[in-house]
Every structure is written in structure tokens, then in C-alpha cells.
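Asks: Pasting in a structure now, in C-alpha cells, and then I'll have a few things to ask.
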Amino acid sequence: MSDHFQPFPEDFERGLAVVAHPDDLEYGGAAAIARWTAQGRHIAYLLATRGEAGIDTLPPAECGPLREAEQRAAAAEVGVEVVEFLDHPDGLITYGVPLRRDIAAAIRRHRPDVVITVNHHDTFPGGHYNMADHRAVGQAALDAVRDAANRWLFPEVGEPWNGVRQVLVLASPLAGHAVDIAEQFDRGVASLRAHKAYLDALGGPMSDPEAFLRESAEEAAAHLPGSRLATAFQVIAT
């Protein structure tokens, strides 16, 4: 992580957020998305799973529809209307051609300028080990950007799109850019609170949206001059 973050140049019109589970975007990225939708930018969500294995006390057949509904409510809190699910198995996502194809198809459908994704590195900032699903989806999203631009790959899923300029990686240990989220912080908190069943089952510090997100946002803001609350991410040029 850089000592000082660079302000992210927000010169894009369309973004596609690609993550593994319901709640992945809400733990740090939702307030930035609220900032961008408030600016008139169009953001769509693509989730590889429905989070069906995420609540120990609920069997997957019950958990999946509940978490899908919570994710749609969470997206609405930050101005996102389009939420799509790929139905890869929660906890068992496999990096490979099928996942790349599914994400490339979504990139071709939505034609974004930027792709926003989950941390694909082995660890989070601070050294905690990252989940296999996050690593698989983040890496596949990066590769699918290039796949989507190649007309000879996956011709059955639409016309090629080579307009993705950057991939923004949330919760990356190599973050070097950030945006101020002070005006949209409360919307980010509301977005995470929409995952009520998940938070109730989770317990611990991560189940308190305001406190957890504020600590993270203040930490990021300490590296972004002039900011009180911020979201940081790694920017990868494509």
C-alpha cells in the first residue's frame, strides 16, 4: 500500500463491478459506487454466486434467495439498478475458462469503461489470508477484460468490447488510488446494513456496519490529503 494515495481521475461513464459474493462490494466499495452514481455514472453489478453457503444456520436452498434479495436491496441503496448472478458455487468457485467466459460475456453486454473487482491477491492489507473465491473471481475478471476484447475468443457471447481502460481492485494490499466518500459514507453504511440476515449470523466487529466501515474509511483517508473518509483501491491499466 502506498504512503500517499493519488486521487482517482473519474473520467469514466460506465462501470461493471464483478465480485464473488453478496456483501463483497458493501465491505468498503459501496460508498465509492454511491459517489459515482450520484455523479451520473452507470454502474452494474455481477456476482459469481448467490452467497448460498454464507450462513451456517441456513441451508443453501434457503440462504441463496435470501442473500440475493439482500444484495438487490443493498445495490438500490447506492443507486445501482442492474444486479446479475452467475450461479457459480459459493465457496467452490474455480478459476478457469468457464468463469472467464461468463465474465467476458457480461463485459460485452455492459460495455464498461472500468471494471471494479474484488482483491485477487493472496492477502488483504494487514496480512490476513484472502478467500479462494475472491482470488479466483478477481483474477478471472482481470483476464476476462482481455478476453472480451478478442473477437476470436467466445464469439458465442457477443461482439468484442475493448473499451475497458482500467480495473479497480478493492481491498488490495497494493492500493495506490482513492476517492473521497465523506458525502456518500452513510449510503455505503446503509448498503451494508441491507445484508441484515448475513450480519445477524456473522457477529463480531464486521457485523457493525457503521463502526467497521468508518475505521476503514478513516484509515484510507489518512493517505489521501484533504479527505476525512475515503475508499482506496489498486488501479490496473488494461
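All residue names refer to the C-alpha cells as shown: chains lettered A, B, ... in order, residues numbered from 1 in each chain, ligands numbered from 1 in order.
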Between region 10-46 of chain A and region 152-171 of chain A, at 10 Å or less, what are the per-residue closest atom pairs and their distances in Å? Count only C-alpha atoms, order by chain and rising residue number, and return it as CSV.
Replies:
```
residue,atom,partner,partner_atom,distance
A:Phe12,CA,A:Arg165,CA,9.0
A:Arg14,CA,A:Val164,CA,9.4
A:Gly15,CA,A:Val164,CA,8.9
A:Leu16,CA,A:Val167,CA,9.6
A:Ala17,CA,A:Leu168,CA,9.0
A:Val18,CA,A:Val169,CA,10.0
A:Val19,CA,A:Leu170,CA,9.8
A:Asp24,CA,A:Leu170,CA,9.3
A:Leu25,CA,A:Leu170,CA,8.2
A:Tyr27,CA,A:Ala171,CA,8.8
A:Gly28,CA,A:Ala171,CA,7.4
A:Gly29,CA,A:Leu170,CA,6.7
```
Asks: Considering only C-alpha atoms, return as a ChimeraX atom specification whatever protein or nucleic-acid residues lie within 12 Å of Tyr198 (chain A), sequence-local ones (same chain, fewer than 2 positions apart) excluded.
Replies: /A:21-24,51-58,63-64,66-71,192-196,200-204,206-209
Asks: Name all residues at most 10 Å from Glu81 (chain A) (count only C-alpha atoms; drop same-chain ones fewer than 5 positions away) and give them as a PyMOL selection string.
Replies: chain A and resi 42-45+72-73+75-76
Asks: Among region 34-220 of chain A, which residues does DSSP mark as strand (DSSP E) when it is run on the backbone? Keep the chain and numbering as in the structure and answer as a PDB file with N, CA and C atoms, in the first residue's frame.
Replies:
```
ATOM      1  N   HIS A  42     -23.094   5.211 -14.706  1.00  0.00           N
ATOM      2  CA  HIS A  42     -23.883   3.973 -14.645  1.00  0.00           C
ATOM      3  C   HIS A  42     -22.997   2.837 -14.156  1.00  0.00           C
ATOM      4  N   ILE A  43     -23.423   2.176 -13.081  1.00  0.00           N
ATOM      5  CA  ILE A  43     -22.704   1.035 -12.530  1.00  0.00           C
ATOM      6  C   ILE A  43     -23.644  -0.167 -12.492  1.00  0.00           C
ATOM      7  N   ALA A  44     -23.165  -1.315 -12.943  1.00  0.00           N
ATOM      8  CA  ALA A  44     -23.905  -2.577 -12.847  1.00  0.00           C
ATOM      9  C   ALA A  44     -23.106  -3.551 -11.994  1.00  0.00           C
ATOM     10  N   TYR A  45     -23.811  -4.475 -11.347  1.00  0.00           N
ATOM     11  CA  TYR A  45     -23.175  -5.495 -10.510  1.00  0.00           C
ATOM     12  C   TYR A  45     -23.276  -6.860 -11.169  1.00  0.00           C
ATOM     13  N   LEU A  46     -22.195  -7.621 -11.078  1.00  0.00           N
ATOM     14  CA  LEU A  46     -22.173  -9.021 -11.500  1.00  0.00           C
ATOM     15  C   LEU A  46     -21.586  -9.840 -10.358  1.00  0.00           C
ATOM     16  N   LEU A  47     -22.362 -10.796  -9.855  1.00  0.00           N
ATOM     17  CA  LEU A  47     -21.914 -11.636  -8.752  1.00  0.00           C
ATOM     18  C   LEU A  47     -21.766 -13.067  -9.226  1.00  0.00           C
ATOM     19  N   VAL A  82     -29.025  -2.576 -11.823  1.00  0.00           N
ATOM     20  CA  VAL A  82     -28.764  -3.825 -12.538  1.00  0.00           C
ATOM     21  C   VAL A  82     -27.866  -4.713 -11.689  1.00  0.00           C
ATOM     22  N   VAL A  83     -28.405  -5.850 -11.255  1.00  0.00           N
ATOM     23  CA  VAL A  83     -27.664  -6.818 -10.438  1.00  0.00           C
ATOM     24  C   VAL A  83     -27.861  -8.192 -11.062  1.00  0.00           C
ATOM     25  N   GLU A  84     -26.777  -8.814 -11.498  1.00  0.00           N
ATOM     26  CA  GLU A  84     -26.833 -10.115 -12.162  1.00  0.00           C
ATOM     27  C   GLU A  84     -26.044 -11.149 -11.368  1.00  0.00           C
ATOM     28  N   PHE A  85     -26.485 -12.413 -11.452  1.00  0.00           N
ATOM     29  CA  PHE A  85     -25.842 -13.514 -10.744  1.00  0.00           C
ATOM     30  C   PHE A  85     -25.477 -14.611 -11.747  1.00  0.00           C
ATOM     31  N   VAL A 114     -14.673   1.016 -17.005  1.00  0.00           N
ATOM     32  CA  VAL A 114     -13.871   0.467 -15.920  1.00  0.00           C
ATOM     33  C   VAL A 114     -14.551  -0.780 -15.379  1.00  0.00           C
ATOM     34  N   VAL A 115     -13.747  -1.712 -14.912  1.00  0.00           N
ATOM     35  CA  VAL A 115     -14.237  -2.883 -14.190  1.00  0.00           C
ATOM     36  C   VAL A 115     -13.762  -2.750 -12.749  1.00  0.00           C
ATOM     37  N   ILE A 116     -14.662  -2.972 -11.828  1.00  0.00           N
ATOM     38  CA  ILE A 116     -14.370  -2.911 -10.397  1.00  0.00           C
ATOM     39  C   ILE A 116     -14.435  -4.341  -9.871  1.00  0.00           C
ATOM     40  N   THR A 117     -13.416  -4.786  -9.173  1.00  0.00           N
ATOM     41  CA  THR A 117     -13.431  -6.178  -8.735  1.00  0.00           C
ATOM     42  C   THR A 117     -12.859  -6.323  -7.338  1.00  0.00           C
ATOM     43  N   GLN A 166      -9.414   0.481 -17.384  1.00  0.00           N
ATOM     44  CA  GLN A 166      -8.797   0.219 -16.084  1.00  0.00           C
ATOM     45  C   GLN A 166      -9.614  -0.791 -15.302  1.00  0.00           C
ATOM     46  N   VAL A 167      -8.925  -1.544 -14.448  1.00  0.00           N
ATOM     47  CA  VAL A 167      -9.572  -2.389 -13.458  1.00  0.00           C
ATOM     48  C   VAL A 167      -9.251  -1.813 -12.087  1.00  0.00           C
ATOM     49  N   LEU A 168     -10.281  -1.598 -11.284  1.00  0.00           N
ATOM     50  CA  LEU A 168     -10.119  -1.081  -9.930  1.00  0.00           C
ATOM     51  C   LEU A 168     -10.279  -2.241  -8.958  1.00  0.00           C
ATOM     52  N   VAL A 169      -9.255  -2.513  -8.172  1.00  0.00           N
ATOM     53  CA  VAL A 169      -9.240  -3.666  -7.270  1.00  0.00           C
ATOM     54  C   VAL A 169      -9.458  -3.193  -5.839  1.00  0.00           C
ATOM     55  N   LEU A 170     -10.623  -3.526  -5.287  1.00  0.00           N
ATOM     56  CA  LEU A 170     -10.955  -3.135  -3.923  1.00  0.00           C
ATOM     57  C   LEU A 170     -10.198  -3.993  -2.910  1.00  0.00           C
ATOM     58  N   HIS A 177      -4.573   4.414  -5.230  1.00  0.00           N
ATOM     59  CA  HIS A 177      -5.503   5.499  -5.541  1.00  0.00           C
ATOM     60  C   HIS A 177      -6.668   5.460  -4.557  1.00  0.00           C
ATOM     61  N   ALA A 178      -7.377   6.570  -4.461  1.00  0.00           N
ATOM     62  CA  ALA A 178      -8.533   6.626  -3.569  1.00  0.00           C
ATOM     63  C   ALA A 178      -9.476   7.724  -4.028  1.00  0.00           C
ATOM     64  N   VAL A 179     -10.724   7.649  -3.535  1.00  0.00           N
ATOM     65  CA  VAL A 179     -11.700   8.714  -3.731  1.00  0.00           C
ATOM     66  C   VAL A 179     -12.293   9.091  -2.381  1.00  0.00           C
ATOM     67  N   ASP A 180     -12.647  10.355  -2.256  1.00  0.00           N
ATOM     68  CA  ASP A 180     -13.287  10.857  -1.045  1.00  0.00           C
ATOM     69  C   ASP A 180     -14.740  10.374  -1.015  1.00  0.00           C
TER      70      ASP A 180
END
```
Asks: Looking only at alpha helix (DSSP H) from DSSP on the backbone, list the matching residues of region 25-215 of chain A as a CSV table (one decimal) with N, CA, C and O atoms, in the first residue's frame.
Replies:
```
chain,number,residue,atom,x,y,z
A,30,ALA,N,-19.0,0.2,-1.6
A,30,ALA,CA,-20.4,0.7,-1.9
A,30,ALA,C,-20.4,2.2,-1.8
A,30,ALA,O,-21.1,2.9,-2.6
A,31,ALA,N,-19.7,2.8,-0.9
A,31,ALA,CA,-19.8,4.3,-0.8
A,31,ALA,C,-19.1,5.0,-2.0
A,31,ALA,O,-19.6,6.0,-2.5
A,32,ALA,N,-18.1,4.4,-2.5
A,32,ALA,CA,-17.5,4.9,-3.8
A,32,ALA,C,-18.5,4.7,-4.9
A,32,ALA,O,-18.6,5.6,-5.8
A,33,ILE,N,-19.2,3.6,-5.0
A,33,ILE,CA,-20.1,3.4,-6.0
A,33,ILE,C,-21.3,4.4,-5.9
A,33,ILE,O,-21.8,5.0,-6.9
A,34,ALA,N,-21.7,4.7,-4.7
A,34,ALA,CA,-22.7,5.8,-4.4
A,34,ALA,C,-22.2,7.1,-4.9
A,34,ALA,O,-23.0,7.9,-5.5
A,35,ARG,N,-20.9,7.4,-4.7
A,35,ARG,CA,-20.4,8.7,-5.3
A,35,ARG,C,-20.5,8.7,-6.8
A,35,ARG,O,-20.9,9.7,-7.3
A,36,TRP,N,-20.2,7.6,-7.4
A,36,TRP,CA,-20.2,7.6,-8.9
A,36,TRP,C,-21.6,7.6,-9.5
A,36,TRP,O,-21.8,8.3,-10.4
A,37,THR,N,-22.5,6.9,-8.9
A,37,THR,CA,-23.9,7.0,-9.4
A,37,THR,C,-24.5,8.4,-9.1
A,37,THR,O,-25.3,8.9,-9.9
A,38,ALA,N,-24.1,9.0,-8.0
A,38,ALA,CA,-24.6,10.4,-7.8
A,38,ALA,C,-24.0,11.4,-8.8
A,38,ALA,O,-24.6,12.4,-9.1
A,60,PRO,N,-28.3,-24.0,2.0
A,60,PRO,CA,-28.1,-23.2,0.8
A,60,PRO,C,-29.4,-22.9,0.0
A,60,PRO,O,-29.5,-21.8,-0.5
A,61,ALA,N,-30.4,-23.8,0.0
A,61,ALA,CA,-31.6,-23.6,-0.8
A,61,ALA,C,-32.4,-22.4,-0.2
A,61,ALA,O,-33.1,-21.8,-1.0
A,62,GLU,N,-32.3,-22.2,1.1
A,62,GLU,CA,-33.0,-21.1,1.7
A,62,GLU,C,-32.1,-19.8,1.7
A,62,GLU,O,-32.6,-18.7,1.5
A,63,CYS,N,-30.8,-20.0,1.9
A,63,CYS,CA,-29.9,-18.9,2.0
A,63,CYS,C,-29.7,-18.2,0.7
A,63,CYS,O,-29.6,-16.9,0.7
A,64,GLY,N,-29.5,-18.9,-0.4
A,64,GLY,CA,-29.3,-18.2,-1.7
A,64,GLY,C,-30.3,-17.2,-2.0
A,64,GLY,O,-29.9,-16.0,-2.3
A,65,PRO,N,-31.6,-17.5,-2.1
A,65,PRO,CA,-32.6,-16.5,-2.4
A,65,PRO,C,-32.6,-15.3,-1.4
A,65,PRO,O,-32.9,-14.2,-1.8
A,66,LEU,N,-32.4,-15.6,-0.1
A,66,LEU,CA,-32.4,-14.5,0.9
A,66,LEU,C,-31.3,-13.6,0.6
A,66,LEU,O,-31.5,-12.3,0.6
A,67,ARG,N,-30.1,-14.1,0.3
A,67,ARG,CA,-28.9,-13.2,0.1
A,67,ARG,C,-29.0,-12.5,-1.2
A,67,ARG,O,-28.5,-11.4,-1.3
A,68,GLU,N,-29.6,-13.1,-2.2
A,68,GLU,CA,-29.9,-12.4,-3.4
A,68,GLU,C,-30.7,-11.2,-3.2
A,68,GLU,O,-30.4,-10.1,-3.7
A,69,ALA,N,-31.8,-11.4,-2.5
A,69,ALA,CA,-32.7,-10.3,-2.2
A,69,ALA,C,-32.0,-9.2,-1.4
A,69,ALA,O,-32.2,-8.0,-1.7
A,70,GLU,N,-31.2,-9.6,-0.4
A,70,GLU,CA,-30.5,-8.6,0.3
A,70,GLU,C,-29.5,-7.8,-0.5
A,70,GLU,O,-29.3,-6.6,-0.4
A,71,GLN,N,-28.9,-8.5,-1.5
A,71,GLN,CA,-27.9,-7.8,-2.4
A,71,GLN,C,-28.6,-6.8,-3.3
A,71,GLN,O,-28.1,-5.7,-3.5
A,72,ARG,N,-29.8,-7.2,-3.8
A,72,ARG,CA,-30.5,-6.2,-4.6
A,72,ARG,C,-30.9,-5.0,-3.8
A,72,ARG,O,-30.9,-3.9,-4.3
A,73,ALA,N,-31.3,-5.2,-2.5
A,73,ALA,CA,-31.6,-4.1,-1.7
A,73,ALA,C,-30.4,-3.2,-1.4
A,73,ALA,O,-30.5,-2.0,-1.4
A,74,ALA,N,-29.3,-3.9,-1.2
A,74,ALA,CA,-28.0,-3.2,-0.9
A,74,ALA,C,-27.6,-2.3,-2.1
A,74,ALA,O,-27.2,-1.2,-2.0
A,75,ALA,N,-27.8,-2.9,-3.3
A,75,ALA,CA,-27.4,-2.1,-4.5
A,75,ALA,C,-28.3,-0.9,-4.7
A,75,ALA,O,-27.9,0.2,-5.1
A,76,ALA,N,-29.6,-1.1,-4.4
A,76,ALA,CA,-30.5,0.0,-4.6
A,76,ALA,C,-30.1,1.2,-3.7
A,76,ALA,O,-30.4,2.4,-4.0
A,77,GLU,N,-29.6,0.9,-2.5
A,77,GLU,CA,-29.2,2.0,-1.6
A,77,GLU,C,-28.1,2.9,-2.2
A,77,GLU,O,-28.0,4.1,-1.7
A,97,VAL,N,-11.7,-21.3,-17.7
A,97,VAL,CA,-12.3,-20.8,-18.9
A,97,VAL,C,-13.8,-20.5,-18.7
A,97,VAL,O,-14.3,-19.5,-19.1
A,98,PRO,N,-14.6,-21.4,-18.1
A,98,PRO,CA,-16.0,-21.1,-17.9
A,98,PRO,C,-16.3,-19.8,-17.1
A,98,PRO,O,-17.1,-19.0,-17.5
A,99,LEU,N,-15.5,-19.6,-16.1
A,99,LEU,CA,-15.7,-18.3,-15.3
A,99,LEU,C,-15.2,-17.1,-16.2
A,99,LEU,O,-15.9,-16.1,-16.2
A,100,ARG,N,-14.1,-17.2,-16.9
A,100,ARG,CA,-13.7,-16.2,-17.7
A,100,ARG,C,-14.7,-15.9,-18.8
A,100,ARG,O,-15.0,-14.7,-19.1
A,101,ARG,N,-15.3,-16.9,-19.4
A,101,ARG,CA,-16.3,-16.7,-20.4
A,101,ARG,C,-17.5,-16.0,-19.9
A,101,ARG,O,-18.0,-15.0,-20.5
A,102,ASP,N,-18.0,-16.4,-18.7
A,102,ASP,CA,-19.2,-15.7,-18.1
A,102,ASP,C,-18.9,-14.2,-17.8
A,102,ASP,O,-19.8,-13.4,-18.1
A,103,ILE,N,-17.7,-13.9,-17.3
A,103,ILE,CA,-17.4,-12.5,-17.1
A,103,ILE,C,-17.2,-11.7,-18.4
A,103,ILE,O,-17.7,-10.6,-18.5
A,104,ALA,N,-16.5,-12.3,-19.3
A,104,ALA,CA,-16.3,-11.7,-20.6
A,104,ALA,C,-17.7,-11.4,-21.3
A,104,ALA,O,-17.9,-10.3,-21.9
A,105,ALA,N,-18.6,-12.3,-21.1
A,105,ALA,CA,-20.0,-12.1,-21.7
A,105,ALA,C,-20.6,-10.9,-21.1
A,105,ALA,O,-21.2,-10.0,-21.8
A,106,ALA,N,-20.5,-10.7,-19.8
A,106,ALA,CA,-21.1,-9.6,-19.1
A,106,ALA,C,-20.4,-8.3,-19.5
A,106,ALA,O,-21.0,-7.2,-19.7
A,107,ILE,N,-19.1,-8.3,-19.7
A,107,ILE,CA,-18.3,-7.1,-20.2
A,107,ILE,C,-18.8,-6.7,-21.5
A,107,ILE,O,-19.0,-5.5,-21.8
A,108,ARG,N,-19.1,-7.7,-22.4
A,108,ARG,CA,-19.6,-7.4,-23.7
A,108,ARG,C,-21.0,-6.8,-23.7
A,108,ARG,O,-21.4,-6.0,-24.5
A,109,ARG,N,-21.8,-7.3,-22.7
A,109,ARG,CA,-23.2,-6.8,-22.6
A,109,ARG,C,-23.2,-5.4,-22.1
A,109,ARG,O,-23.9,-4.5,-22.6
A,110,HIS,N,-22.4,-5.1,-21.1
A,110,HIS,CA,-22.5,-3.8,-20.4
A,110,HIS,C,-21.5,-2.8,-21.0
A,110,HIS,O,-21.7,-1.6,-20.7
A,132,ALA,N,-10.4,-18.1,-1.2
A,132,ALA,CA,-10.2,-18.7,-2.6
A,132,ALA,C,-11.2,-18.1,-3.6
A,132,ALA,O,-10.8,-17.8,-4.7
A,133,ASP,N,-12.5,-17.9,-3.2
A,133,ASP,CA,-13.4,-17.4,-4.2
A,133,ASP,C,-13.0,-16.0,-4.6
A,133,ASP,O,-13.2,-15.6,-5.8
A,134,HIS,N,-12.6,-15.1,-3.7
A,134,HIS,CA,-12.1,-13.8,-4.1
A,134,HIS,C,-11.0,-13.8,-5.1
A,134,HIS,O,-11.0,-13.1,-6.1
A,135,ARG,N,-10.0,-14.7,-4.8
A,135,ARG,CA,-8.8,-14.8,-5.6
A,135,ARG,C,-9.2,-15.2,-7.0
A,135,ARG,O,-8.7,-14.7,-8.0
A,136,ALA,N,-10.1,-16.2,-7.1
A,136,ALA,CA,-10.5,-16.8,-8.4
A,136,ALA,C,-11.3,-15.7,-9.2
A,136,ALA,O,-11.0,-15.5,-10.4
A,137,VAL,N,-12.2,-15.1,-8.6
A,137,VAL,CA,-13.0,-14.1,-9.3
A,137,VAL,C,-12.2,-12.9,-9.7
A,137,VAL,O,-12.3,-12.4,-10.8
A,138,GLY,N,-11.4,-12.4,-8.8
A,138,GLY,CA,-10.6,-11.2,-9.1
A,138,GLY,C,-9.7,-11.5,-10.3
A,138,GLY,O,-9.5,-10.7,-11.2
A,139,GLN,N,-9.0,-12.6,-10.3
A,139,GLN,CA,-8.1,-13.0,-11.4
A,139,GLN,C,-8.8,-13.2,-12.7
A,139,GLN,O,-8.4,-12.7,-13.8
A,140,ALA,N,-10.0,-13.9,-12.6
A,140,ALA,CA,-10.8,-14.1,-13.8
A,140,ALA,C,-11.3,-12.8,-14.4
A,140,ALA,O,-11.4,-12.7,-15.6
A,141,ALA,N,-11.7,-11.9,-13.5
A,141,ALA,CA,-12.1,-10.6,-14.0
A,141,ALA,C,-11.1,-9.8,-14.8
A,141,ALA,O,-11.3,-9.3,-15.9
A,142,LEU,N,-9.8,-9.9,-14.3
A,142,LEU,CA,-8.7,-9.2,-15.0
A,142,LEU,C,-8.5,-9.9,-16.3
A,142,LEU,O,-8.3,-9.2,-17.3
A,143,ASP,N,-8.5,-11.2,-16.4
A,143,ASP,CA,-8.3,-11.9,-17.6
A,143,ASP,C,-9.5,-11.7,-18.6
A,143,ASP,O,-9.3,-11.7,-19.8
A,144,ALA,N,-10.7,-11.7,-18.0
A,144,ALA,CA,-11.9,-11.5,-18.9
A,144,ALA,C,-11.9,-10.2,-19.6
A,144,ALA,O,-12.5,-10.1,-20.7
A,145,VAL,N,-11.3,-9.2,-19.1
A,145,VAL,CA,-11.2,-7.9,-19.8
A,145,VAL,C,-10.5,-8.1,-21.1
A,145,VAL,O,-11.0,-7.6,-22.1
A,146,ARG,N,-9.4,-8.8,-21.1
A,146,ARG,CA,-8.7,-9.0,-22.3
A,146,ARG,C,-9.5,-10.0,-23.2
A,146,ARG,O,-9.5,-9.9,-24.4
A,147,ASP,N,-10.1,-11.0,-22.6
A,147,ASP,CA,-10.9,-12.0,-23.4
A,147,ASP,C,-12.0,-11.3,-24.1
A,147,ASP,O,-12.2,-11.6,-25.3
A,148,ALA,N,-12.7,-10.4,-23.4
A,148,ALA,CA,-13.8,-9.7,-24.0
A,148,ALA,C,-13.4,-8.9,-25.2
A,148,ALA,O,-14.2,-8.6,-26.1
A,149,ALA,N,-12.2,-8.4,-25.3
A,149,ALA,CA,-11.7,-7.6,-26.4
A,149,ALA,C,-11.3,-8.4,-27.6
A,149,ALA,O,-11.1,-7.9,-28.7
A,185,PHE,N,-20.8,8.4,2.6
A,185,PHE,CA,-20.5,7.4,3.6
A,185,PHE,C,-21.7,6.7,4.1
A,185,PHE,O,-21.8,5.5,4.3
A,186,ASP,N,-22.7,7.5,4.5
A,186,ASP,CA,-23.9,7.0,5.1
A,186,ASP,C,-24.7,6.0,4.1
A,186,ASP,O,-25.3,5.1,4.6
A,187,ARG,N,-24.6,6.3,2.9
A,187,ARG,CA,-25.2,5.4,1.9
A,187,ARG,C,-24.5,4.1,1.8
A,187,ARG,O,-25.1,3.0,1.6
A,188,GLY,N,-23.2,4.2,1.9
A,188,GLY,CA,-22.4,2.9,2.0
A,188,GLY,C,-22.7,2.1,3.2
A,188,GLY,O,-22.9,0.9,3.1
A,189,VAL,N,-22.9,2.7,4.3
A,189,VAL,CA,-23.3,2.0,5.6
A,189,VAL,C,-24.7,1.4,5.4
A,189,VAL,O,-24.9,0.2,5.7
A,190,ALA,N,-25.7,2.2,4.8
A,190,ALA,CA,-27.0,1.6,4.6
A,190,ALA,C,-27.0,0.4,3.6
A,190,ALA,O,-27.7,-0.5,3.8
A,191,SER,N,-26.1,0.5,2.7
A,191,SER,CA,-25.9,-0.6,1.7
A,191,SER,C,-25.5,-1.9,2.4
A,191,SER,O,-26.0,-3.0,2.2
A,192,LEU,N,-24.5,-1.8,3.3
A,192,LEU,CA,-24.1,-3.0,4.1
A,192,LEU,C,-25.2,-3.4,5.1
A,192,LEU,O,-25.4,-4.6,5.2
A,193,ARG,N,-25.9,-2.5,5.7
A,193,ARG,CA,-26.9,-2.9,6.6
A,193,ARG,C,-28.1,-3.6,5.9
A,193,ARG,O,-28.8,-4.4,6.6
A,196,LYS,N,-29.0,-7.8,6.3
A,196,LYS,CA,-29.4,-8.0,7.7
A,196,LYS,C,-29.2,-9.4,8.2
A,196,LYS,O,-28.6,-9.7,9.2
A,197,ALA,N,-29.7,-10.4,7.4
A,197,ALA,CA,-29.6,-11.8,7.8
A,197,ALA,C,-28.2,-12.2,7.9
A,197,ALA,O,-27.8,-12.9,8.9
A,198,TYR,N,-27.4,-11.8,7.0
A,198,TYR,CA,-26.0,-12.2,7.0
A,198,TYR,C,-25.3,-11.6,8.2
A,198,TYR,O,-24.5,-12.3,8.8
A,199,LEU,N,-25.5,-10.3,8.4
A,199,LEU,CA,-24.8,-9.6,9.5
A,199,LEU,C,-25.3,-10.2,10.9
A,199,LEU,O,-24.5,-10.4,11.8
A,200,ASP,N,-26.6,-10.5,11.0
A,200,ASP,CA,-27.0,-11.1,12.2
A,200,ASP,C,-26.3,-12.5,12.5
A,200,ASP,O,-26.0,-12.8,13.7
A,201,ALA,N,-26.1,-13.2,11.5
A,201,ALA,CA,-25.5,-14.5,11.7
A,201,ALA,C,-23.9,-14.4,11.8
A,201,ALA,O,-23.3,-15.2,12.5
A,202,LEU,N,-23.4,-13.3,11.3
A,202,LEU,CA,-21.9,-13.1,11.3
A,202,LEU,C,-21.4,-12.8,12.7
A,202,LEU,O,-20.5,-13.5,13.2
A,209,PRO,N,-21.9,-2.3,10.8
A,209,PRO,CA,-21.5,-1.6,9.5
A,209,PRO,C,-20.9,-0.2,9.8
A,209,PRO,O,-19.9,0.1,9.2
A,210,GLU,N,-21.5,0.6,10.6
A,210,GLU,CA,-21.0,2.0,10.8
A,210,GLU,C,-19.6,2.0,11.3
A,210,GLU,O,-18.7,2.6,10.8
A,211,ALA,N,-19.4,1.2,12.4
A,211,ALA,CA,-18.1,1.2,13.0
A,211,ALA,C,-17.0,0.6,12.1
A,211,ALA,O,-15.9,1.1,12.0
A,212,PHE,N,-17.3,-0.5,11.5
A,212,PHE,CA,-16.3,-1.2,10.7
A,212,PHE,C,-16.0,-0.4,9.5
A,212,PHE,O,-14.8,-0.2,9.2
A,213,LEU,N,-17.0,0.2,8.8
A,213,LEU,CA,-16.7,0.9,7.6
A,213,LEU,C,-16.0,2.3,7.9
A,213,LEU,O,-15.2,2.7,7.1
A,214,ARG,N,-16.4,2.9,9.0
A,214,ARG,CA,-15.7,4.2,9.4
A,214,ARG,C,-14.2,4.0,9.7
A,214,ARG,O,-13.4,4.8,9.2
A,215,GLU,N,-13.9,2.9,10.4
A,215,GLU,CA,-12.5,2.7,10.7
A,215,GLU,C,-11.7,2.5,9.4
A,215,GLU,O,-10.6,3.1,9.2
```
Asks: Write out as a list in words which residues come within 10 Å of Asp3 (chain A) when counting only C-alpha atoms, dropping same-chain ones fewer than 2 positions away.
Replies: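 Skipping anything fewer than 2 positions along the chain leaves Met1, Phe5, Gln6, Ala175, Gly176, Ala222, His223 and Leu224 of chain A.
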